[in-house]
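Structure data follow from protein18.csv (CSV, C-alpha atoms and all ligand atoms):
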chain,number,residue,atom,x,y,z
A,9,MET,CA,33.0,-99.6,133.7
A,10,SER,CA,34.3,-98.6,130.3
A,11,LYS,CA,36.5,-95.4,130.3
A,12,ARG,CA,38.2,-93.2,127.8
A,13,LYS,CA,41.8,-92.4,128.1
A,14,TYR,CA,42.6,-88.8,128.8
A,15,MET,CA,44.9,-86.8,126.5
A,16,ILE,CA,47.5,-84.5,128.1
A,17,HIS,CA,45.6,-81.3,127.2
A,18,GLU,CA,42.6,-82.6,129.2
A,19,PHE,CA,44.7,-82.5,132.3
A,20,CYS,CA,45.3,-78.8,131.6
A,21,GLN,CA,41.5,-78.3,131.3
A,22,MET,CA,41.0,-80.1,134.6
A,23,LYS,CA,43.5,-77.6,136.2
A,24,ALA,CA,41.6,-74.7,134.6
A,25,GLU,CA,38.3,-76.0,135.9
A,26,GLY,CA,39.7,-76.8,139.4
A,27,GLN,CA,39.0,-80.5,139.0
A,28,LYS,CA,41.6,-82.5,140.9
A,29,ILE,CA,43.7,-85.2,139.2
A,30,ALA,CA,44.0,-88.6,141.0
A,31,TRP,CA,47.2,-90.4,140.3
A,32,ILE,CA,48.8,-93.6,141.7
A,33,THR,CA,51.8,-95.8,140.8
A,34,SER,CA,51.3,-99.4,139.6
A,35,TYR,CA,53.9,-102.0,138.6
A,36,ASP,CA,51.9,-105.0,137.5
A,37,PHE,CA,48.9,-106.1,135.4
A,38,PRO,CA,46.3,-106.9,138.1
A,39,THR,CA,46.9,-103.7,140.1
A,40,ALA,CA,46.7,-101.7,136.8
A,41,GLN,CA,43.3,-103.4,136.1
A,42,PHE,CA,42.0,-102.5,139.6
A,43,ALA,CA,43.2,-98.9,139.3
A,44,GLU,CA,41.5,-98.5,135.9
A,45,ALA,CA,38.3,-100.0,137.2
A,46,ALA,CA,38.5,-97.7,140.2
A,47,GLY,CA,38.5,-94.7,137.9
A,48,ILE,CA,42.1,-93.5,138.4
A,49,ASP,CA,43.1,-90.6,136.1
A,50,MET,CA,46.8,-91.5,135.6
A,51,ILE,CA,49.2,-94.3,136.5
A,52,LEU,CA,52.9,-93.9,137.1
A,53,VAL,CA,55.1,-96.9,136.6
A,54,GLY,CA,57.5,-95.5,139.1
A,55,ASP,CA,61.1,-96.5,139.7
A,56,SER,CA,59.8,-97.0,143.2
A,57,LEU,CA,59.3,-100.5,141.9
A,58,GLY,CA,63.0,-101.0,142.9
A,59,MET,CA,61.8,-101.0,146.6
A,60,CYS,CA,58.2,-102.1,146.2
A,61,VAL,CA,58.7,-105.0,143.8
A,62,TYR,CA,62.4,-106.0,143.9
A,63,GLY,CA,63.3,-105.2,147.5
A,64,TYR,CA,66.2,-102.9,146.7
A,65,PRO,CA,67.2,-100.4,149.4
A,66,GLY,CA,66.4,-97.5,146.9
A,67,THR,CA,65.8,-96.7,143.3
A,68,ILE,CA,69.4,-96.5,142.1
A,69,PRO,CA,69.8,-100.1,140.9
A,70,VAL,CA,66.6,-100.0,138.7
A,71,THR,CA,67.3,-100.5,135.0
A,72,MET,CA,65.7,-99.5,131.8
A,73,ASP,CA,64.8,-103.1,131.0
A,74,GLN,CA,63.0,-103.6,134.3
A,75,CYS,CA,61.0,-100.4,133.8
A,76,ILE,CA,60.0,-101.3,130.3
A,77,THR,CA,58.8,-104.7,131.3
A,78,HIS,CA,56.7,-103.3,134.1
A,79,CYS,CA,55.3,-100.6,131.8
A,80,GLU,CA,54.2,-103.3,129.3
A,81,ALA,CA,52.4,-105.2,132.0
A,82,VAL,CA,50.6,-102.0,133.3
A,83,ARG,CA,49.7,-101.0,129.8
A,84,ARG,CA,48.0,-104.4,129.3
A,85,GLY,CA,46.1,-104.0,132.6
A,86,ALA,CA,45.0,-100.4,132.0
A,87,PRO,CA,44.6,-99.9,128.2
A,88,SER,CA,42.3,-96.8,128.8
A,89,THR,CA,44.4,-95.0,131.3
A,90,PHE,CA,47.1,-92.3,130.8
A,91,VAL,CA,50.3,-94.2,131.8
A,92,ILE,CA,53.6,-92.6,132.6
A,93,GLY,CA,57.0,-94.3,132.5
A,94,ASP,CA,59.6,-93.2,135.1
A,95,MET,CA,63.1,-92.8,133.7
A,96,PRO,CA,65.5,-94.7,136.0
A,97,PHE,CA,68.8,-93.4,137.4
A,98,GLY,CA,71.4,-93.5,134.6
A,99,SER,CA,69.0,-93.4,131.7
A,100,TYR,CA,69.0,-89.6,131.2
A,101,GLN,CA,72.0,-88.3,133.3
A,102,VAL,CA,74.7,-88.8,130.6
A,103,SER,CA,73.6,-86.8,127.6
A,104,ASP,CA,70.6,-85.3,125.9
A,105,SER,CA,70.8,-87.8,123.1
A,106,GLU,CA,70.9,-90.8,125.5
A,107,ALA,CA,67.9,-89.3,127.3
A,108,VAL,CA,66.0,-89.0,124.1
A,109,GLN,CA,66.8,-92.6,123.1
A,110,ASN,CA,65.6,-94.0,126.4
A,111,ALA,CA,62.5,-91.8,126.4
A,112,VAL,CA,61.7,-93.2,123.0
A,113,ARG,CA,62.1,-96.8,124.3
A,114,PHE,CA,59.5,-96.1,126.9
A,115,LEU,CA,57.0,-95.1,124.2
A,116,LYS,CA,57.8,-97.7,121.6
A,117,GLU,CA,58.4,-100.7,123.9
A,118,GLY,CA,56.6,-99.8,127.1
A,119,GLY,CA,53.5,-98.4,125.4
A,120,VAL,CA,53.4,-95.4,127.8
A,121,ASP,CA,51.8,-92.0,127.1
A,122,ALA,CA,54.5,-89.9,128.7
A,123,ILE,CA,57.7,-90.1,130.7
A,124,LYS,CA,58.8,-88.6,134.0
A,125,LEU,CA,62.3,-87.6,135.1
A,126,GLU,CA,63.7,-86.0,138.2
A,127,GLY,CA,65.3,-82.6,138.5
A,128,GLY,CA,64.8,-78.9,137.5
A,129,VAL,CA,67.3,-76.4,136.4
A,130,ARG,CA,70.1,-78.9,136.0
A,131,ILE,CA,68.1,-81.2,133.6
A,132,ALA,CA,66.3,-78.5,131.7
A,133,SER,CA,68.2,-79.4,128.5
A,134,ARG,CA,67.2,-83.1,128.8
A,135,ILE,CA,63.5,-82.1,129.1
A,136,ARG,CA,63.8,-79.8,126.1
A,137,SER,CA,65.5,-82.5,124.0
A,138,ILE,CA,62.9,-85.1,124.9
A,139,VAL,CA,60.0,-82.7,124.2
A,140,ASP,CA,61.6,-81.8,120.9
A,141,ALA,CA,61.5,-85.5,120.0
A,142,GLY,CA,57.7,-85.4,120.4
A,143,VAL,CA,57.5,-87.0,123.8
A,144,VAL,CA,55.2,-85.7,126.6
A,145,VAL,CA,57.4,-85.0,129.7
A,146,ILE,CA,56.5,-84.7,133.3
A,147,GLY,CA,59.0,-83.0,135.6
A,148,HIS,CA,59.7,-84.1,139.2
A,149,ILE,CA,61.2,-81.6,141.7
A,150,GLY,CA,61.5,-81.1,145.5
A,151,LEU,CA,62.6,-84.4,147.1
A,152,THR,CA,64.0,-86.3,144.2
A,153,PRO,CA,64.6,-89.9,145.4
A,154,GLN,CA,67.4,-90.6,142.8
A,155,SER,CA,69.5,-87.8,144.4
A,156,THR,CA,69.0,-88.8,148.1
A,157,GLY,CA,72.8,-89.3,148.3
A,158,GLN,CA,73.3,-85.6,147.6
A,159,LEU,CA,70.2,-84.5,149.5
A,160,GLY,CA,71.4,-86.3,152.6
A,161,GLY,CA,68.5,-88.8,152.7
A,162,HIS,CA,64.8,-88.7,152.1
A,163,LYS,CA,64.4,-85.1,153.4
A,164,ALA,CA,61.6,-82.6,152.7
A,165,GLN,CA,62.8,-79.7,150.5
A,166,GLY,CA,61.9,-76.0,150.5
A,167,ARG,CA,61.5,-75.6,154.2
A,168,THR,CA,63.7,-72.5,154.4
A,169,ALA,CA,63.1,-69.4,152.2
A,170,ASP,CA,66.4,-70.0,150.3
A,171,SER,CA,65.6,-73.6,149.7
A,172,ALA,CA,62.0,-72.7,148.7
A,173,GLY,CA,63.5,-70.3,146.2
A,174,LEU,CA,65.5,-73.1,144.6
A,175,VAL,CA,62.3,-75.2,144.3
A,176,ILE,CA,60.6,-72.3,142.6
A,177,GLU,CA,63.5,-71.9,140.2
A,178,ASP,CA,63.3,-75.6,139.4
A,179,ALA,CA,59.6,-75.4,138.7
A,180,LEU,CA,60.0,-72.5,136.4
A,181,ALA,CA,62.9,-74.2,134.5
A,182,VAL,CA,60.8,-77.4,134.0
A,183,GLU,CA,57.9,-75.4,132.6
A,184,THR,CA,60.1,-73.3,130.4
A,185,ALA,CA,61.9,-76.4,129.0
A,186,GLY,CA,58.5,-77.7,127.7
A,187,ALA,CA,57.3,-80.2,130.3
A,188,GLN,CA,53.5,-80.5,130.3
A,189,MET,CA,53.0,-81.5,133.9
A,190,LEU,CA,55.1,-81.2,137.1
A,191,LEU,CA,55.2,-83.4,140.2
A,192,ILE,CA,56.4,-81.8,143.5
A,193,GLU,CA,57.5,-84.1,146.3
A,194,ALA,CA,57.8,-83.4,150.0
A,195,VAL,CA,57.7,-79.6,149.9
A,196,PRO,CA,55.7,-77.3,152.3
A,197,PRO,CA,52.1,-76.6,151.0
A,198,GLU,CA,52.6,-72.8,150.9
A,199,VAL,CA,55.5,-73.3,148.4
A,200,SER,CA,53.7,-75.8,146.2
A,201,ALA,CA,50.5,-73.6,146.3
A,202,PHE,CA,52.5,-70.7,145.0
A,203,ILE,CA,54.0,-72.8,142.2
A,204,THR,CA,50.6,-74.3,141.3
A,205,LYS,CA,49.2,-70.7,140.8
A,206,LYS,CA,52.3,-69.5,139.0
A,207,LEU,CA,52.5,-72.3,136.4
A,208,GLY,CA,50.2,-72.9,133.5
A,209,ILE,CA,50.8,-76.7,133.5
A,210,PRO,CA,49.1,-79.0,136.0
A,211,VAL,CA,51.2,-79.3,139.2
A,212,LEU,CA,50.8,-82.6,141.1
A,213,SER,CA,51.7,-83.3,144.7
A,214,ILE,CA,53.2,-86.2,146.6
A,215,GLY,CA,53.6,-84.8,150.0
A,216,ALA,CA,53.2,-81.2,148.8
A,217,GLY,CA,49.7,-80.3,150.1
A,218,LEU,CA,46.1,-79.9,149.1
A,219,GLU,CA,46.5,-76.8,146.9
A,220,CYS,CA,48.1,-78.6,144.0
A,221,ASP,CA,46.1,-79.7,140.9
A,222,GLY,CA,46.1,-83.3,142.0
A,223,GLN,CA,47.7,-86.0,144.2
A,224,LEU,CA,50.0,-89.0,143.7
A,225,LEU,CA,50.5,-91.9,146.1
A,226,ILE,CA,52.6,-95.0,145.7
A,227,VAL,CA,50.1,-97.8,145.5
A,228,SER,CA,52.1,-100.1,147.8
A,229,ASP,CA,51.8,-97.4,150.5
A,230,LEU,CA,48.1,-96.7,149.8
A,231,ILE,CA,47.1,-100.4,150.2
A,232,GLY,CA,49.6,-101.3,152.9
A,233,HIS,CA,51.6,-103.7,150.7
A,234,PHE,CA,55.0,-102.1,151.4
A,235,THR,CA,55.7,-101.9,155.1
A,236,ALA,CA,59.5,-101.3,155.4
A,237,PHE,CA,58.9,-97.6,156.0
A,238,THR,CA,56.0,-95.2,155.5
A,239,PRO,CA,56.6,-91.5,154.7
A,240,LYS,CA,54.7,-88.9,156.6
A,241,PHE,CA,52.7,-87.9,153.5
A,242,VAL,CA,51.1,-91.3,153.1
A,243,LYS,CA,47.5,-92.1,153.9
A,244,ARG,CA,47.0,-95.8,154.1
A,245,TYR,CA,43.6,-97.0,152.9
A,246,ALA,CA,44.0,-100.7,153.4
A,247,ASN,CA,46.3,-103.3,155.1
A,248,VAL,CA,46.9,-105.7,152.4
A,249,ALA,CA,50.1,-107.0,154.1
A,250,GLU,CA,48.0,-108.2,157.0
A,251,ILE,CA,45.4,-109.8,154.7
A,252,ILE,CA,48.0,-111.6,152.7
A,253,THR,CA,49.9,-112.8,155.8
A,254,ASN,CA,46.8,-114.0,157.5
A,255,ALA,CA,45.6,-115.8,154.3
A,256,ILE,CA,49.0,-117.6,154.0
A,257,LYS,CA,49.0,-118.5,157.7
A,258,GLU,CA,45.5,-120.0,157.3
A,259,TYR,CA,46.7,-122.0,154.3
A,260,VAL,CA,49.8,-123.3,156.2
A,261,TRP,CA,47.5,-124.4,159.0
A,262,ASP,CA,45.0,-126.1,156.6
A,263,VAL,CA,47.8,-128.0,154.9
A,264,LYS,CA,49.3,-129.2,158.2
A,265,THR,CA,45.9,-130.2,159.6
A,266,GLN,CA,44.7,-131.8,156.3
A,267,LYS,CA,41.8,-129.3,156.0
A,268,PHE,CA,43.0,-128.5,152.5
A,269,PRO,CA,42.5,-129.7,149.8
A,270,ARG,CA,38.8,-130.7,150.2
A,271,ASP,CA,36.8,-132.9,147.9
A,272,GLU,CA,35.6,-130.0,145.8
A,273,ASN,CA,39.3,-129.1,145.1
A,274,CYS,CA,40.0,-132.5,143.6
A,275,TYR,CA,39.7,-133.8,140.0
A,276,HIS,CA,37.8,-137.1,140.1
A,277,MET,CA,38.1,-139.9,137.6
A,278,LEU,CA,35.7,-139.9,134.7
A,279,PRO,CA,32.5,-142.0,135.0
A,280,GLY,CA,33.3,-145.7,134.6
A,281,GLU,CA,37.0,-145.2,134.8
A,282,GLU,CA,37.3,-146.2,138.5
A,283,ALA,CA,36.8,-149.9,137.9
A,284,LYS,CA,39.4,-149.9,135.0
A,285,PHE,CA,41.8,-148.0,137.3
A,286,SER,CA,41.4,-150.7,140.0
A,287,GLU,CA,42.3,-153.4,137.5
A,288,LEU,CA,45.3,-151.3,136.2
A,289,ILE,CA,46.9,-150.9,139.6
A,290,LYS,CA,46.7,-154.6,140.3
A,291,ARG,CA,49.6,-154.9,137.8
A,292,TYR,CA,51.8,-152.9,140.1
A,293,ALA,CA,50.9,-154.9,143.3
B,301,LIG,O1,59.0,-93.8,141.5
B,301,LIG,C1,58.1,-93.3,142.0
B,301,LIG,O2,57.1,-93.9,142.5
B,301,LIG,C2,58.2,-91.8,142.2
B,301,LIG,C3,57.4,-91.2,143.3
B,301,LIG,C4,58.2,-91.3,144.5
B,301,LIG,C5,57.0,-89.8,143.0
B,301,LIG,O3,58.9,-91.2,141.5
So that I can check it, write out the structure of this file as structure tokens.
Ligand code: KIV
Amino acid sequence: MSKRKYMIHEFCQMKAEGQKIAWITSYDFPTAQFAEAAGIDMILVGDSLGMCVYGYPGTIPVTMDQCITHCEAVRRGAPSTFVIGDMPFGSYQVSDSEAVQNAVRFLKEGGVDAIKLEGGVRIASRIRSIVDAGVVVIGHIGLTPQSTGQLGGHKAQGRTADSAGLVIEDALAVETAGAQMLLIEAVPPEVSAFITKKLGIPVLSIGAGLECDGQLLIVSDLIGHFTAFTPKFVKRYANVAEIITNAIKEYVWDVKTQKFPRDENCYHMLPGEEAKFSELIKRYA
């Protein structure tokens, strides 16, 4: 199925028309191909690749170079999909100018259409600087995994009125700073519904309810490829871990019992070469 890549303003039109946006993460070429063929609207090359691909305990060790490499692979797999690069911890915390330099790397080297970064009020100047450099920015508030040290773990945010107020302030700051989309993670649906109505930009949810303008899931959770833990907000659509494990078990059994390889898996000698080969090996007898 051939598909045309959306431009950022078309996501705003989708919000206006009440058409929901479907978004997943991807970290590699084949998954990006599958996602594009399945008709996904946007792909995030998330720093969740730290856990889902590299087996780190969290996202903190992820580097710019790793993110760029995975963005390149995803771009090759999904040339007609809006791809977003996720700025890893340390790539935008130090200064506005370093944030701009790293955002530019995502576009020039990673081939992405936009970048995402975590935080609201406290990173508003970073968002403004990156936007001023001509880059499409997506904000990310609520549960921000790069700050789980400060948040005291992977905890839902905005569950008290005071905390909900802080989430709303973050949302307003992200929009005012010029971001063109906002992701809200692990926040009660009534809080994200209020923000979705209040903001002009599309507001996406990961664990923030149905009322948002679209949904994001981590592909490794969606297909059951990452099993170390599963957040409450995940809906699992497949159990790829079981399929892979069973396939490898079957292969191990076939090797041990000599059921693999079979004749059709072998390269045979070219016609007329068997006789010459028999002569040849006599020399080694
Ligand atoms: O890296 C990622 O996949 C993310 C999601 C958790 C929103 O940022």
Q | Between atom CA of Gly26 of chain A and atom CA of Val175 of chain A - distance in Å to one decimal | A |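 Between atom CA of Val175 of chain A and atom CA of Gly26 of chain A the gap is 23.2 Å.
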Q: For atom CA of Ile68 of chain A and atom CA of Gln101 of chain A, determine how far apart the two atoms are, in Å to one decimal place.
A: 12.3 Å
**Q.** All residues having an atom within 9 Å of ligand LIG 301 (chain B) (all atoms listed in the file) as a PyMOL selection string
**A.** chain A and resi 32-34+52-58+67+94-96+124-126+148+151-154+191-193+213-214+224-227
Could you please take those selected residues and save C-alpha atoms as a tab-separated table (two decimals), in the coordinates of the input?
chain	number	residue	atom	x	y	z
A	32	ILE	CA	48.80	-93.60	141.70
A	33	THR	CA	51.80	-95.80	140.80
A	34	SER	CA	51.30	-99.40	139.60
A	52	LEU	CA	52.90	-93.90	137.10
A	53	VAL	CA	55.10	-96.90	136.60
A	54	GLY	CA	57.50	-95.50	139.10
A	55	ASP	CA	61.10	-96.50	139.70
A	56	SER	CA	59.80	-97.00	143.20
A	57	LEU	CA	59.30	-100.50	141.90
A	58	GLY	CA	63.00	-101.00	142.90
A	67	THR	CA	65.80	-96.70	143.30
A	94	ASP	CA	59.60	-93.20	135.10
A	95	MET	CA	63.10	-92.80	133.70
A	96	PRO	CA	65.50	-94.70	136.00
A	124	LYS	CA	58.80	-88.60	134.00
A	125	LEU	CA	62.30	-87.60	135.10
A	126	GLU	CA	63.70	-86.00	138.20
A	148	HIS	CA	59.70	-84.10	139.20
A	151	LEU	CA	62.60	-84.40	147.10
A	152	THR	CA	64.00	-86.30	144.20
A	153	PRO	CA	64.60	-89.90	145.40
A	154	GLN	CA	67.40	-90.60	142.80
A	191	LEU	CA	55.20	-83.40	140.20
A	192	ILE	CA	56.40	-81.80	143.50
A	193	GLU	CA	57.50	-84.10	146.30
A	213	SER	CA	51.70	-83.30	144.70
A	214	ILE	CA	53.20	-86.20	146.60
A	224	LEU	CA	50.00	-89.00	143.70
A	225	LEU	CA	50.50	-91.90	146.10
A	226	ILE	CA	52.60	-95.00	145.70
A	227	VAL	CA	50.10	-97.80	145.50
Q: Find the distance between atom CA of Val195 of chain A and atom CA of Leu207 of chain A and write it in Å to one decimal.
A: 16.2 Å
Q. From the set A:Pro269, A:Glu219, A:Ala164, A:Asp170, which residue has the shortest atom-to-atom contact distance to Phe241 of chain A, counting all atoms listed in the file?
A.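 Using all atoms listed in the file, Phe241 of chain A sits closest to A:Ala164.
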Q: For segment 129-138 of chain A, please output as a list in words all residues within 8 Å (counting only C-alpha atoms; exclusion window: fewer than 6 positions along the same chain).
A: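 Residues near the query, excluding close chain neighbours: Tyr100, Ser103, Asp104, Ser105, Ala107, Val108, Ala111, Val144, Val145, Gly147, Glu177, Asp178, Ala181, Val182, Ala185, Gly186 and Ala187 of chain A.
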**Q.** Nearest to Ala201 of chain A, chosen from A:Gly280, A:Gly142, A:Ala172, A:Thr184, with all atoms listed in the file counted in the distances
**A.**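 Closest to Ala201 of chain A of all the choices is A:Ala172.
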Q: Could you pull out every residue with an atom within 7 Å of (50.7, -78.3, 133.2), file coordinates, counting all atoms listed in the file, and send them as a ChimeraX atom specification?
A: /A:20,188-190,208-211
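For Pro239 of chain A, the residues within 10 Å (counting all atoms listed in the file, excluding itself and residues fewer than 5 positions away along the chain) are His162, Ala194, Gly215 and Asp229 of chain A.
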Q. What would the list of residues within 7 Å of (56.6, -73.7, 139.2) (file frame) look like as a PyMOL selection string, if all atoms listed in the file are what count?
A. chain A and resi 176+178-180+183+203-204+206-207
